[in-house]
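K.L.:
Sharing input24.pdb here; it has PDB, C-alpha atoms and all ligand atoms.
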ATOM      1  CA  MET A 770       0.000   0.000   0.000  1.00  0.00           C
ATOM      2  CA  ASN A 771       1.718   3.202  -1.081  1.00  0.00           C
ATOM      3  CA  GLY A 772      -1.014   5.652  -0.260  1.00  0.00           C
ATOM      4  CA  THR A 773      -2.219   6.206  -3.811  1.00  0.00           C
ATOM      5  CA  SER A 774      -5.821   6.111  -2.580  1.00  0.00           C
ATOM      6  CA  LEU A 775      -5.132   9.448  -0.906  1.00  0.00           C
ATOM      7  CA  LYS A 776      -5.870  12.566  -2.902  1.00  0.00           C
ATOM      8  CA  LEU A 777      -3.018  14.553  -1.415  1.00  0.00           C
ATOM      9  CA  THR A 778       0.202  12.604  -0.936  1.00  0.00           C
ATOM     10  CA  ILE A 779       3.734  13.309   0.252  1.00  0.00           C
ATOM     11  CA  GLU A 780       6.304  13.149  -2.564  1.00  0.00           C
ATOM     12  CA  LEU A 781       9.900  13.137  -1.460  1.00  0.00           C
ATOM     13  CA  VAL A 782      12.393  13.431  -4.290  1.00  0.00           C
ATOM     14  CA  PRO A 783      15.528  11.366  -3.524  1.00  0.00           C
ATOM     15  CA  SER A 784      18.006  13.504  -5.360  1.00  0.00           C
ATOM     16  CA  THR A 785      17.066  17.123  -5.680  1.00  0.00           C
ATOM     17  CA  SER A 786      20.548  18.368  -6.472  1.00  0.00           C
ATOM     18  CA  TRP A 787      20.044  18.122 -10.220  1.00  0.00           C
ATOM     19  CA  TRP A 788      16.736  19.970 -10.107  1.00  0.00           C
ATOM     20  CA  LYS A 789      18.061  22.573  -7.698  1.00  0.00           C
ATOM     21  CA  SER A 790      21.057  23.359  -9.888  1.00  0.00           C
ATOM     22  CA  LEU A 791      18.870  23.473 -12.968  1.00  0.00           C
ATOM     23  CA  ARG A 792      16.430  25.827 -11.267  1.00  0.00           C
ATOM     24  CA  ALA A 793      19.323  28.026 -10.149  1.00  0.00           C
ATOM     25  CA  LYS A 794      20.568  28.276 -13.726  1.00  0.00           C
ATOM     26  CA  MET A 795      17.146  28.638 -15.296  1.00  0.00           C
ATOM     27  CA  PRO A 796      16.525  32.194 -16.495  1.00  0.00           C
ATOM     28  CA  LYS A 797      13.719  33.864 -14.553  1.00  0.00           C
ATOM     29  CA  ASP A 798      11.582  34.495 -17.628  1.00  0.00           C
ATOM     30  CA  GLU A 799      11.829  30.830 -18.558  1.00  0.00           C
ATOM     31  CA  TRP A 800      10.629  29.637 -15.153  1.00  0.00           C
ATOM     32  CA  ASP A 801       7.916  32.317 -15.140  1.00  0.00           C
ATOM     33  CA  ALA A 802       6.657  31.060 -18.492  1.00  0.00           C
ATOM     34  CA  ILE A 803       6.594  27.457 -17.243  1.00  0.00           C
ATOM     35  CA  ARG A 804       4.748  28.254 -14.037  1.00  0.00           C
ATOM     36  CA  LYS A 805       2.304  30.688 -15.616  1.00  0.00           C
ATOM     37  CA  SER A 806       1.329  28.165 -18.257  1.00  0.00           C
ATOM     38  CA  ALA A 807       0.734  25.595 -15.492  1.00  0.00           C
ATOM     39  CA  TYR A 808      -1.472  28.058 -13.553  1.00  0.00           C
ATOM     40  CA  ALA A 809      -3.493  28.838 -16.672  1.00  0.00           C
ATOM     41  CA  ARG A 810      -3.877  25.147 -17.547  1.00  0.00           C
ATOM     42  CA  PHE A 811      -5.393  24.472 -14.109  1.00  0.00           C
ATOM     43  CA  GLY A 812      -7.665  27.534 -14.265  1.00  0.00           C
ATOM     44  CA  TYR A 813      -5.724  29.271 -11.468  1.00  0.00           C
ATOM     45  CA  ARG A 814      -6.900  26.640  -9.011  1.00  0.00           C
ATOM     46  CA  CYS A 815      -5.018  24.040  -7.016  1.00  0.00           C
ATOM     47  CA  ALA A 816      -4.812  20.800  -9.024  1.00  0.00           C
ATOM     48  CA  ILE A 817      -5.455  18.797  -5.845  1.00  0.00           C
ATOM     49  CA  CYS A 818      -7.824  20.661  -3.524  1.00  0.00           C
ATOM     50  CA  ASN A 819      -9.275  23.110  -6.079  1.00  0.00           C
ATOM     51  CA  SER A 820      -8.709  26.150  -3.882  1.00  0.00           C
ATOM     52  CA  LYS A 821      -7.912  29.573  -5.306  1.00  0.00           C
ATOM     53  CA  GLY A 822      -5.320  32.080  -4.208  1.00  0.00           C
ATOM     54  CA  ARG A 823      -1.585  32.280  -4.622  1.00  0.00           C
ATOM     55  CA  MET A 824      -0.404  29.381  -6.737  1.00  0.00           C
ATOM     56  CA  HIS A 825       2.823  27.400  -6.627  1.00  0.00           C
ATOM     57  CA  CYS A 826       4.304  25.425  -9.484  1.00  0.00           C
ATOM     58  CA  HIS A 827       5.166  21.824  -8.622  1.00  0.00           C
ATOM     59  CA  GLY A 828       7.171  19.344 -10.674  1.00  0.00           C
ATOM     60  CA  VAL A 829       5.615  15.879 -10.764  1.00  0.00           C
ATOM     61  CA  TRP A 830       8.134  13.032 -10.919  1.00  0.00           C
ATOM     62  CA  GLU A 831       7.706   9.369 -11.702  1.00  0.00           C
ATOM     63  CA  PHE A 832      10.143   6.910 -10.173  1.00  0.00           C
ATOM     64  CA  ASP A 833      11.233   3.694 -11.799  1.00  0.00           C
ATOM     65  CA  ASP A 834      12.559   1.768  -8.820  1.00  0.00           C
ATOM     66  CA  ALA A 835      13.948  -1.058 -10.942  1.00  0.00           C
ATOM     67  CA  ARG A 836      15.962   1.066 -13.356  1.00  0.00           C
ATOM     68  CA  HIS A 837      16.491   4.021 -10.996  1.00  0.00           C
ATOM     69  CA  VAL A 838      15.278   6.598 -13.421  1.00  0.00           C
ATOM     70  CA  GLN A 839      13.327   9.597 -12.166  1.00  0.00           C
ATOM     71  CA  LYS A 840      11.259  11.119 -14.885  1.00  0.00           C
ATOM     72  CA  LEU A 841       9.728  14.560 -14.873  1.00  0.00           C
ATOM     73  CA  LYS A 842       6.086  14.107 -15.857  1.00  0.00           C
ATOM     74  CA  ASP A 843       4.514  17.521 -15.602  1.00  0.00           C
ATOM     75  CA  PHE A 844       4.353  20.876 -13.916  1.00  0.00           C
ATOM     76  CA  ILE A 845       1.134  21.425 -11.982  1.00  0.00           C
ATOM     77  CA  ALA A 846      -0.455  24.312 -10.074  1.00  0.00           C
ATOM     78  CA  LEU A 847      -0.788  23.793  -6.317  1.00  0.00           C
ATOM     79  CA  CYS A 848      -1.927  25.963  -3.436  1.00  0.00           C
ATOM     80  CA  GLU A 849       0.681  26.752  -0.817  1.00  0.00           C
ATOM     81  CA  MET A 850      -0.549  24.166   1.716  1.00  0.00           C
ATOM     82  CA  CYS A 851      -0.789  21.279  -0.757  1.00  0.00           C
ATOM     83  CA  HIS A 852       2.714  22.186  -1.908  1.00  0.00           C
ATOM     84  CA  TYR A 853       4.023  22.061   1.661  1.00  0.00           C
ATOM     85  CA  VAL A 854       2.507  18.598   2.082  1.00  0.00           C
ATOM     86  CA  LYS A 855       4.319  17.433  -1.057  1.00  0.00           C
ATOM     87  CA  HIS A 856       7.616  18.673   0.380  1.00  0.00           C
ATOM     88  CA  ILE A 857       6.888  17.988   4.028  1.00  0.00           C
ATOM     89  CA  GLY A 858      10.594  17.762   4.860  1.00  0.00           C
ATOM     90  CA  LEU A 859      11.031  21.350   3.707  1.00  0.00           C
ATOM     91  CA  ALA A 860       7.870  22.321   5.592  1.00  0.00           C
ATOM     92  CA  SER A 861       9.287  21.029   8.880  1.00  0.00           C
ATOM     93  CA  VAL A 862      12.552  22.907   8.297  1.00  0.00           C
ATOM     94  CA  LYS A 863      10.581  26.107   7.682  1.00  0.00           C
ATOM     95  CA  ALA A 864       8.467  25.403  10.748  1.00  0.00           C
ATOM     96  CA  SER A 865      11.585  24.969  12.901  1.00  0.00           C
ATOM     97  CA  GLU A 866      12.732  28.379  11.668  1.00  0.00           C
ATOM     98  CA  GLY A 867       9.411  29.873  12.730  1.00  0.00           C
ATOM     99  CA  GLU A 868       8.342  30.627   9.162  1.00  0.00           C
ATOM    100  CA  LEU A 869       5.460  28.211   9.071  1.00  0.00           C
ATOM    101  CA  ASP A 870       2.959  26.477  11.342  1.00  0.00           C
ATOM    102  CA  TYR A 871       3.526  22.760  10.771  1.00  0.00           C
ATOM    103  CA  ASN A 872       0.142  21.926  12.336  1.00  0.00           C
ATOM    104  CA  GLU A 873      -1.568  23.870   9.558  1.00  0.00           C
ATOM    105  CA  VAL A 874       0.137  21.654   6.989  1.00  0.00           C
ATOM    106  CA  VAL A 875      -0.989  18.489   8.792  1.00  0.00           C
ATOM    107  CA  LYS A 876      -4.525  19.870   9.186  1.00  0.00           C
ATOM    108  CA  HIS A 877      -4.645  20.552   5.448  1.00  0.00           C
ATOM    109  CA  PHE A 878      -3.610  16.949   4.746  1.00  0.00           C
ATOM    110  CA  LEU A 879      -6.371  15.622   7.029  1.00  0.00           C
ATOM    111  CA  LYS A 880      -8.986  17.907   5.508  1.00  0.00           C
ATOM    112  CA  VAL A 881      -8.182  17.244   1.841  1.00  0.00           C
ATOM    113  CA  ASN A 882      -7.895  13.485   2.348  1.00  0.00           C
ATOM    114  CA  GLY A 883     -10.739  13.239   4.836  1.00  0.00           C
ATOM    115  CA  CYS A 884      -8.556  11.023   7.017  1.00  0.00           C
ATOM    116  CA  ASP A 885      -7.384  10.918  10.604  1.00  0.00           C
ATOM    117  CA  MET A 886      -4.031  11.507  12.265  1.00  0.00           C
ATOM    118  CA  ARG A 887      -3.171   7.803  12.210  1.00  0.00           C
ATOM    119  CA  ALA A 888      -3.555   7.671   8.437  1.00  0.00           C
ATOM    120  CA  PHE A 889      -1.334  10.737   8.139  1.00  0.00           C
ATOM    121  CA  GLU A 890       1.400   9.240  10.336  1.00  0.00           C
ATOM    122  CA  LYS A 891       1.258   5.964   8.448  1.00  0.00           C
ATOM    123  CA  HIS A 892       1.501   7.693   5.085  1.00  0.00           C
ATOM    124  CA  LYS A 893       4.328   9.932   6.281  1.00  0.00           C
ATOM    125  CA  ASP A 894       6.350   7.002   7.658  1.00  0.00           C
ATOM    126  CA  ALA A 895       5.911   5.101   4.404  1.00  0.00           C
ATOM    127  CA  ALA A 896       6.960   8.155   2.363  1.00  0.00           C
ATOM    128  CA  PHE A 897      10.096   8.631   4.464  1.00  0.00           C
ATOM    129  CA  SER A 898      11.155   5.001   4.330  1.00  0.00           C
ATOM    130  CA  ARG A 899      10.628   4.977   0.565  1.00  0.00           C
ATOM    131  CA  TRP A 900      12.691   8.154   0.351  1.00  0.00           C
ATOM    132  CA  GLN A 901      15.446   6.583   2.439  1.00  0.00           C
ATOM    133  CA  GLU A 902      15.522   3.510   0.242  1.00  0.00           C
ATOM    134  CA  ARG A 903      15.555   5.613  -2.938  1.00  0.00           C
ATOM    135  CA  SER A 904      18.264   7.878  -1.597  1.00  0.00           C
ATOM    136  CA  SER A 905      20.627   4.904  -1.353  1.00  0.00           C
ATOM    137  CA  HIS A 906      20.723   4.684  -5.169  1.00  0.00           C
ATOM    138  CA  GLU A 907      22.081   6.868  -7.907  1.00  0.00           C
ATOM    139  CA  TRP A 908      19.238   8.181 -10.045  1.00  0.00           C
ATOM    140  CA  ARG A 909      19.291   9.105 -13.686  1.00  0.00           C
ATOM    141  CA  VAL A 910      17.093  12.078 -14.445  1.00  0.00           C
ATOM    142  CA  ASP A 911      14.846  12.162 -17.469  1.00  0.00           C
ATOM    143  CA  ALA A 912      13.705  15.738 -17.961  1.00  0.00           C
ATOM    144  CA  SER A 913      12.631  15.509 -21.581  1.00  0.00           C
ATOM    145  CA  VAL A 914       9.307  17.149 -20.638  1.00  0.00           C
ATOM    146  CA  TYR A 915      11.211  20.230 -19.545  1.00  0.00           C
ATOM    147  CA  GLU A 916      13.501  20.169 -22.585  1.00  0.00           C
ATOM    148  CA  LYS A 917      10.447  20.078 -24.852  1.00  0.00           C
ATOM    149  CA  LEU A 918       8.787  22.983 -23.039  1.00  0.00           C
ATOM    150  CA  ARG A 919      12.016  24.885 -23.180  1.00  0.00           C
ATOM    151  CA  SER A 920      12.592  24.469 -26.902  1.00  0.00           C
ATOM    152  CA  ALA A 921       8.962  25.368 -27.625  1.00  0.00           C
ATOM    153  CA  MET A 922       9.447  28.545 -25.632  1.00  0.00           C
ATOM    154  CA  LEU A 923      12.715  29.386 -27.333  1.00  0.00           C
ATOM    155  CA  ASP A 924      11.070  28.836 -30.723  1.00  0.00           C
ATOM    156  CA  LYS A 925       8.326  31.251 -29.789  1.00  0.00           C
ATOM    157  CA  LYS A 926      10.834  33.791 -28.532  1.00  0.00           C
ATOM    158  CA  GLN A 927      12.934  33.549 -31.688  1.00  0.00           C
ATOM    159  CA  HIS A 928       9.831  33.805 -33.778  1.00  0.00           C
ATOM    160  CA  ARG A 929       8.824  36.948 -31.931  1.00  0.00           C
ATOM    161  CA  LEU A 930      12.292  38.460 -32.234  1.00  0.00           C
ATOM    162  CA  PHE A 931      12.250  37.632 -35.919  1.00  0.00           C
ATOM    163  CA  GLU A 932       8.867  39.263 -36.403  1.00  0.00           C
ATOM    164  CA  GLU A 933       9.968  42.294 -34.429  1.00  0.00           C
ATOM    165  CA  SER A 934      12.981  42.651 -36.679  1.00  0.00           C
ATOM    166  CA  LEU A 935      10.830  42.692 -39.788  1.00  0.00           C
TER     167      LEU A 935
HETATM  168 ZN    ZN A1001      -4.384  22.682  -2.596  1.00  0.00          ZN
HETATM  169 ZN    ZN A1002       7.055  21.119  -5.602  1.00  0.00          ZN
END
Let me see the file written as structure tokens.
Ligand SMILES: [Zn+2]
Ligand SMILES: [Zn+2]

P.N.:
Amino acid sequence: MNGTSLKLTIELVPSTSWWKSLRAKMPKDEWDAIRKSAYARFGYRCAICNSKGRMHCHGVWEFDDARHVQKLKDFIALCEMCHYVKHIGLASVKASEGELDYNEVVKHFLKVNGCDMRAFEKHKDAAFSRWQERSSHEWRVDASVYEKLRSAMLDKKQHRLFEESL
């Protein structure tokens, strides 16, 4: 049982270094274009709990535990609380720094999933042990989804520059 029956799940990415360095290098306008297109695609609502407000852009990964390939599937729009559940490790760091109320994150999980504290703890433990197991392997990253988005954007940009130069 990996908790897939839950609407809102915890997703811990074993190796974030690649994504972090890519994000650091990614030009701001490029990231803005990616996240804005995700917000528009989801009608400016959270893809999980349907709430409105300030949106976050979340990368969805698929893990092949036999071949150790992590594949970027999509970028989706999430509300702040759903996004903190996804990255609950980060949420607890922020909470320890006084930037966030961890209980609010847990409450959001219980509300969206309509479950109790026991179900949350069980899901969280499973997510962390899966993360620990995955972190003991080297992962190859397949980000072809991003590469495709990127080249489509560059095409558009070049097209625009070309038209502007006419
Ligand atoms: Zn949400
Ligand atoms: Zn995310």

K.L.:
Just say which residues the PyMOL selection byres (((chain A and resi 894) around 12) and not hetatm) picks in this file, as a PyMOL selection string.

P.N.:
chain A and resi 771-772+778-781+857-858+887-893+895-901

K.L.:
For the contact check between chain A and ligand ZN 1001 (chain A), emit one row per residue of chain A within 10 Å, containing the shortest atom pair and the distance in Å rounded to one decimal, counting all atoms listed in the file, chain then rising number order, as CSV.

P.N.:
residue,atom,partner,partner_atom,distance
A:Leu777,CA,A:ZN1001,ZN,8.3
A:Arg814,CA,A:ZN1001,ZN,7.9
A:Cys815,CA,A:ZN1001,ZN,4.7
A:Ala816,CA,A:ZN1001,ZN,6.7
A:Ile817,CA,A:ZN1001,ZN,5.2
A:Cys818,CA,A:ZN1001,ZN,4.1
A:Asn819,CA,A:ZN1001,ZN,6.0
A:Ser820,CA,A:ZN1001,ZN,5.7
A:Lys821,CA,A:ZN1001,ZN,8.2
A:Gly822,CA,A:ZN1001,ZN,9.6
A:Met824,CA,A:ZN1001,ZN,8.8
A:His825,CA,A:ZN1001,ZN,9.5
A:Ala846,CA,A:ZN1001,ZN,8.6
A:Leu847,CA,A:ZN1001,ZN,5.3
A:Cys848,CA,A:ZN1001,ZN,4.2
A:Glu849,CA,A:ZN1001,ZN,6.7
A:Met850,CA,A:ZN1001,ZN,6.0
A:Cys851,CA,A:ZN1001,ZN,4.3
A:His852,CA,A:ZN1001,ZN,7.1
A:Tyr853,CA,A:ZN1001,ZN,9.4
A:Val854,CA,A:ZN1001,ZN,9.3
A:His877,CA,A:ZN1001,ZN,8.3
A:Phe878,CA,A:ZN1001,ZN,9.3
A:Val881,CA,A:ZN1001,ZN,8.0

K.L.:
Counting all atoms listed in the file, which of A:Phe844, A:Ala809, A:Arg836, A:Met795 gets nearest to ligand ZN 1002 (chain A)?

P.N.:
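Among the listed residues, A:Phe844 lies closest to ligand ZN 1002 (chain A).
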
K.L.:
A:Gly828, A:Pro783, A:Gly812, A:Pro796: which is nearest ligand ZN 1002 (chain A), counting all atoms listed in the file?

P.N.:
A:Gly828

K.L.:
Using the chain letters and numbers from this file, what does the PyMOL selection byres (((chain A and resi 907-913) around 6) and not hetatm) select? Give the answer as a VMD selection string.

P.N.:
chain A and resid 837 to 841 906 914 to 916

K.L.:
By how many Å are atom CA of A:Asn882 and atom CA of A:Ile845 apart?

P.N.:
18.7 Å

K.L.:
Could you extract stretch 904-915 of chain A of the given structure into a file holding N, CA and C atoms, as a PDB file, in the first residue's frame?

P.N.:
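Output file selection_2.pdb follows:
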ATOM      1  N   SER A 904      17.078   7.040  -1.736  1.00  0.00           N
ATOM      2  CA  SER A 904      18.264   7.878  -1.597  1.00  0.00           C
ATOM      3  C   SER A 904      19.551   7.060  -1.537  1.00  0.00           C
ATOM      4  N   SER A 905      19.428   5.738  -1.391  1.00  0.00           N
ATOM      5  CA  SER A 905      20.627   4.904  -1.353  1.00  0.00           C
ATOM      6  C   SER A 905      21.078   4.505  -2.762  1.00  0.00           C
ATOM      7  N   HIS A 906      20.345   4.991  -3.781  1.00  0.00           N
ATOM      8  CA  HIS A 906      20.723   4.684  -5.169  1.00  0.00           C
ATOM      9  C   HIS A 906      21.074   5.961  -5.917  1.00  0.00           C
ATOM     10  N   GLU A 907      21.846   5.769  -6.974  1.00  0.00           N
ATOM     11  CA  GLU A 907      22.081   6.868  -7.907  1.00  0.00           C
ATOM     12  C   GLU A 907      20.916   6.887  -8.881  1.00  0.00           C
ATOM     13  N   TRP A 908      20.376   8.073  -9.132  1.00  0.00           N
ATOM     14  CA  TRP A 908      19.238   8.181 -10.045  1.00  0.00           C
ATOM     15  C   TRP A 908      19.611   8.933 -11.313  1.00  0.00           C
ATOM     16  N   ARG A 909      19.138   8.390 -12.434  1.00  0.00           N
ATOM     17  CA  ARG A 909      19.291   9.105 -13.686  1.00  0.00           C
ATOM     18  C   ARG A 909      18.038   9.962 -13.854  1.00  0.00           C
ATOM     19  N   VAL A 910      18.226  11.175 -14.294  1.00  0.00           N
ATOM     20  CA  VAL A 910      17.093  12.078 -14.445  1.00  0.00           C
ATOM     21  C   VAL A 910      16.686  12.187 -15.901  1.00  0.00           C
ATOM     22  N   ASP A 911      15.401  11.973 -16.130  1.00  0.00           N
ATOM     23  CA  ASP A 911      14.846  12.162 -17.469  1.00  0.00           C
ATOM     24  C   ASP A 911      13.953  13.404 -17.426  1.00  0.00           C
ATOM     25  N   ALA A 912      14.459  14.480 -17.998  1.00  0.00           N
ATOM     26  CA  ALA A 912      13.705  15.738 -17.961  1.00  0.00           C
ATOM     27  C   ALA A 912      13.286  16.159 -19.359  1.00  0.00           C
ATOM     28  N   SER A 913      12.974  15.175 -20.191  1.00  0.00           N
ATOM     29  CA  SER A 913      12.631  15.509 -21.581  1.00  0.00           C
ATOM     30  C   SER A 913      11.391  16.409 -21.662  1.00  0.00           C
ATOM     31  N   VAL A 914      10.496  16.285 -20.678  1.00  0.00           N
ATOM     32  CA  VAL A 914       9.307  17.149 -20.638  1.00  0.00           C
ATOM     33  C   VAL A 914       9.736  18.621 -20.557  1.00  0.00           C
ATOM     34  N   TYR A 915      10.702  18.874 -19.703  1.00  0.00           N
ATOM     35  CA  TYR A 915      11.211  20.230 -19.545  1.00  0.00           C
ATOM     36  C   TYR A 915      11.939  20.693 -20.812  1.00  0.00           C
TER      37      TYR A 915
END
